[in-house]
Amino acid sequence: MSETSKIYKRKATWQNFVSLSFINFSSEEMDKKRKYRITEVKQAKSVAGDFLQSIQLDKAIDFGLPEIDDRYHIWRVPLLSKSKEAIGEVVIDAVTTFVNEKKTTSKEVLESRLLGRKSINGHKEKRSTNGSSDAPKISSIRNTVGLGDSEELLIEMPAESVDLVFTSPPYYNARPEYADYLSYEEYLLKIKKIIHQCHRVLNEGRFFVMNVSPVLVRRANRNESSKRIAVPFDMHRLFIEEGFEFVDDIHWVKPEGAGWATGRGRRFAADRNPLQYKPVPVTEYILVYRKATDKLIDWHIRKHPHPEVVESSKIEDGYETTNLWKIHPAYHSKHPAVFPMELAEKVIKYYSFKNDVVLDPFAGSGTVGKAAVKTDRRFVLFEQDAEYMNIIKDEIHQWLHNKAEDVNWINTGPADNKTPYFNF
Ligand SMILES: C[S@@+](CC[C@H](N)C(=O)[O-])C[C@H]1O[C@@H](n2cnc3c(N)ncnc32)[C@H](O)[C@@H]1O
């Protein structure tokens with residue numbers, strides 16, 4: 001009998017006893033049916049251990065025996081002081097494997113119970129009136145890949161659990177035959193909801209970097225003119241409405257001949273009439289926003305719990321000094337709009353520390369994940385298209401080598417390790 005099924009036996013109150021005996025499933029089958037990905041005590045302990053490490057209390061706390069609460073689909077991991085007194089619990093979502101920080105005993109309460117209202121280093125950890133803490137948080141999230149609508153997947157994530165968002169949203173196609181959205185307003189509303197969730201999961205004062213460009217709406221017939229929709233400026237409004245501050249507009253310049261939009265400006269080139277002038281777009285925006293806070297950037301650097309990580313995250317010579325970044329576009333045979341690795345690496349290095357968690361809610365082929373690994377960060381990738389998810393599954397072993405086994409997969413299985421390992 002597995003430890004999990006022993007727990008089921010012990011927890012069989014008359015209510016769940018009745019429901020369990022009517023439905024003739026073993027506990028393992030039941031877990032599978034409910035899509036639990038934490039099915040064993042040791043997995044629950046491992047997630048709780050990562051969480052305690054992230055709040056720097058792993059050395060001071062032991063675990064009691066974790067139990068599953070199948071009514072709420074959560075694991076409860078009891079927390080004990082070294083003298084074996086119960087001081088709280090970590091609550092974990094059995095499906096997503098994320099720690100539910102609202103239901104978990106807070107760091108402050110654990111510290112005060114452990115040390116007679118003093119923190120481990122002798123100072124009481126304070127929360128300011130706006131809920132912000134005295135030191136940056138270290139996320140307990142491990143590399144995660146989720147298949148599905150990122151709005152829904154983000155709702156499951158704990159607040160303040162990622163350190164950088166870098167993404168490029170889906171392209172808005174105005175032509176009804178190709179459109180995924182009924183209208184441009186509907187498209188913006190979807191992006192707004194996702195920006196809202198990203199704001200919630202981002203740590204205090206951290207960055208959201210978005211690659212976005214105006215969209216060309218081709219004319220339907222010769223009597224109409226083509227139009228451009230200024231998507232980046234509408235995105236700006238959404239960021240401000242959702243509690244971000246504008247930081248920078250970087251222009252990604254595609255070198256001459258590389259991926260330039262074709263056709264635009266041909267008419268003007270032939271006739272040279274004023275008013276018909278149309279430049280060929282060779283840039284895309286990299287918009288940089290910061291989650292609004294009263295903390296200075298200096299706070300993240302000075303108060304980082306691991307100064308050696310800050311030191312090793314310093315950016316080497318040869319960095320971009322202006323907001324014009326000349327980078328060749330990238331191509332992928334199975335995805336139409338991938339980031340160049342160089343772009344993803346630069347953004348990650350400039351806007352996060354090593355070991356941080358980088359989120360891409362529109363992950364596509366997963367370039368942000370690959371760049372995160374290459375720059376010693378962790379990643380969270382959400383993608384709703386199963387075909388694109390297959391690219392991630394096919395390639396993830398090349399980025400992570402044997403660490404691919406530790407990836408937290410949501411709504412999708414782990415990749416088969418078909419590809420040979422090789423370095424970048
Ligand atoms: C511009 S592509 C991103 C490509 C990515 N930067 C890369 O390097 O491969 C946008 C991606 O968002 C995905 N997507 C669109 N809406 C989504 C949603 N609501 N949730 C998750 N993914 C979504 C699309 O399937 C597409 O792969």
# chains A, B, ... in the order shown; residues from 1 in each chain; ligands from 1
call {"tool": "residues_near_ligand", "arguments": {"ligand": "ligand 1", "cutoff": "9 Å", "atoms": "only C-alpha atoms and all ligand atoms", "output": "mmCIF file with C-alpha atoms, in the first residue's frame"}}
result
data_model
loop_
_atom_site.group_PDB
_atom_site.id
_atom_site.type_symbol
_atom_site.label_atom_id
_atom_site.label_comp_id
_atom_site.auth_asym_id
_atom_site.auth_seq_id
_atom_site.Cartn_x
_atom_site.Cartn_y
_atom_site.Cartn_z
ATOM 1 C CA GLY A 146 1.806 24.736 -18.694
ATOM 2 C CA LEU A 147 -0.469 23.966 -21.625
ATOM 3 C CA GLY A 148 -3.558 26.189 -21.780
ATOM 4 C CA ASP A 149 -4.878 29.707 -21.687
ATOM 5 C CA SER A 150 -2.354 31.694 -19.697
ATOM 6 C CA GLU A 151 -5.092 33.771 -18.069
ATOM 7 C CA GLU A 152 -6.428 30.609 -16.424
ATOM 8 C CA LEU A 153 -3.023 29.165 -15.598
ATOM 9 C CA PHE A 166 9.263 38.785 -20.908
ATOM 10 C CA THR A 167 6.845 38.035 -23.692
ATOM 11 C CA SER A 168 5.449 38.897 -27.056
ATOM 12 C CA PRO A 169 1.657 38.735 -27.268
ATOM 13 C CA PRO A 170 -0.218 36.968 -30.053
ATOM 14 C CA TYR A 171 -0.527 38.939 -33.250
ATOM 15 C CA ASP A 180 -8.910 34.616 -33.185
ATOM 16 C CA LYS A 190 -7.832 39.512 -23.223
ATOM 17 C CA ILE A 191 -4.331 41.000 -23.052
ATOM 18 C CA ILE A 194 -3.312 38.615 -18.684
ATOM 19 C CA ASN A 211 7.934 42.902 -27.532
ATOM 20 C CA VAL A 212 5.127 44.373 -29.641
ATOM 21 C CA ALA A 330 15.246 34.321 -35.825
ATOM 22 C CA HIS A 332 11.880 28.378 -36.610
ATOM 23 C CA HIS A 335 6.687 28.566 -35.267
ATOM 24 C CA PRO A 336 6.146 31.786 -37.258
ATOM 25 C CA ALA A 337 7.249 34.362 -34.664
ATOM 26 C CA VAL A 338 10.096 33.254 -32.413
ATOM 27 C CA PHE A 339 12.375 35.542 -30.393
ATOM 28 C CA PRO A 340 16.033 35.611 -31.348
ATOM 29 C CA MET A 341 17.980 34.010 -28.480
ATOM 30 C CA ALA A 344 15.796 36.980 -24.931
ATOM 31 C CA ASP A 360 6.516 34.006 -20.546
ATOM 32 C CA PRO A 361 2.703 33.762 -20.689
ATOM 33 C CA PHE A 362 2.796 33.438 -24.528
ATOM 34 C CA ALA A 363 5.699 31.043 -24.729
ATOM 35 C CA GLY A 364 5.392 29.766 -28.319
ATOM 36 C CA SER A 365 8.462 27.616 -28.963
ATOM 37 C CA GLY A 366 9.818 28.428 -25.477
ATOM 38 C CA THR A 367 12.757 30.688 -26.400
ATOM 39 C CA VAL A 368 12.422 32.510 -23.065
ATOM 40 C CA LEU A 381 6.215 28.982 -19.718
ATOM 41 C CA PHE A 382 2.527 28.968 -20.675
ATOM 42 C CA GLU A 383 1.371 28.158 -24.212
ATOM 43 C CA GLN A 384 -2.115 27.266 -25.380
ATOM 44 C CA ASP A 385 -1.319 25.675 -28.735
ATOM 45 C CA ALA A 386 -0.534 21.964 -28.448
ATOM 46 C CA GLU A 387 1.583 22.036 -31.625
ATOM 47 C CA TYR A 388 3.843 24.750 -30.205
ATOM 48 C CA MET A 389 3.923 22.941 -26.874
#
call {"tool": "select_by_dssp", "arguments": {"residues": "stretch 145-270 of chain A", "states": "alpha helix (DSSP H)", "output": "PyMOL selection string"}}
result
chain A and resi 150-155+184-201+231-241+266-270
call {"tool": "closest_atom_pairs", "arguments": {"of": "stretch 131-227 of chain A", "to": "stretch 292-308 of chain A", "cutoff": "9 Å", "atoms": "only C-alpha atoms", "output": "JSON lines"}}
result
{"residue": "A:Ser132", "atom": "CA", "partner": "A:Thr293", "partner_atom": "CA", "distance": 8.5}
{"residue": "A:Asp134", "atom": "CA", "partner": "A:Lys303", "partner_atom": "CA", "distance": 8.1}
{"residue": "A:Ala135", "atom": "CA", "partner": "A:Lys303", "partner_atom": "CA", "distance": 5.5}
{"residue": "A:Pro136", "atom": "CA", "partner": "A:His304", "partner_atom": "CA", "distance": 5.9}
{"residue": "A:Lys137", "atom": "CA", "partner": "A:Pro305", "partner_atom": "CA", "distance": 8.1}
{"residue": "A:Ile138", "atom": "CA", "partner": "A:Pro305", "partner_atom": "CA", "distance": 7.9}
{"residue": "A:Glu204", "atom": "CA", "partner": "A:Thr293", "partner_atom": "CA", "distance": 6.7}
{"residue": "A:Gly205", "atom": "CA", "partner": "A:Thr293", "partner_atom": "CA", "distance": 5.4}
{"residue": "A:Arg206", "atom": "CA", "partner": "A:Ala292", "partner_atom": "CA", "distance": 8.5}
call {"tool": "select_by_dssp", "arguments": {"residues": "stretch 296-369 of chain A", "states": "strand (DSSP E or B)", "output": "PyMOL selection string"}}
result
chain A and resi 324-326+332+335+357-360
call {"tool": "write_last_selection", "arguments": {"atoms": "N, CA and C atoms", "output": "CSV table (one decimal), in the first residue's frame"}}
result
chain,number,residue,atom,x,y,z
A,324,LEU,N,18.7,51.5,-29.1
A,324,LEU,CA,18.6,50.9,-30.4
A,324,LEU,C,19.4,49.6,-30.4
A,325,TRP,N,18.7,48.5,-30.4
A,325,TRP,CA,19.4,47.2,-30.4
A,325,TRP,C,19.3,46.5,-31.7
A,326,LYS,N,20.5,46.4,-32.4
A,326,LYS,CA,20.5,45.7,-33.7
A,326,LYS,C,20.6,44.2,-33.5
A,332,HIS,N,12.1,29.8,-37.1
A,332,HIS,CA,11.9,28.4,-36.6
A,332,HIS,C,11.0,27.7,-37.6
A,335,HIS,N,7.4,27.4,-35.9
A,335,HIS,CA,6.7,28.6,-35.3
A,335,HIS,C,7.0,29.8,-36.1
A,357,VAL,N,13.0,33.9,-11.3
A,357,VAL,CA,12.0,33.2,-12.1
A,357,VAL,C,11.5,34.1,-13.2
A,358,VAL,N,11.7,33.6,-14.5
A,358,VAL,CA,11.2,34.4,-15.6
A,358,VAL,C,10.0,33.8,-16.2
A,359,LEU,N,8.9,34.6,-16.4
A,359,LEU,CA,7.7,34.1,-16.9
A,359,LEU,C,7.4,34.6,-18.4
A,360,ASP,N,7.0,33.6,-19.2
A,360,ASP,CA,6.5,34.0,-20.5
A,360,ASP,C,5.1,33.4,-20.7
call {"tool": "residues_around", "arguments": {"residues": "A:Trp252", "least_positions_apart": "2", "cutoff": "8 Å", "atoms": "only C-alpha atoms", "output": "ChimeraX atom specification"}}
result
/A:250,254,283-286,324-327
call {"tool": "residues_around", "arguments": {"residues": "stretch 88-104 of chain A", "least_positions_apart": "6", "cutoff": "10 Å", "atoms": "only C-alpha atoms", "output": "PyMOL selection string"}}
result
chain A and resi 31+34-40+43-45+47-52+63-64+66-70+72-81+110+113+140-142+144+146+153+156-161+408-411
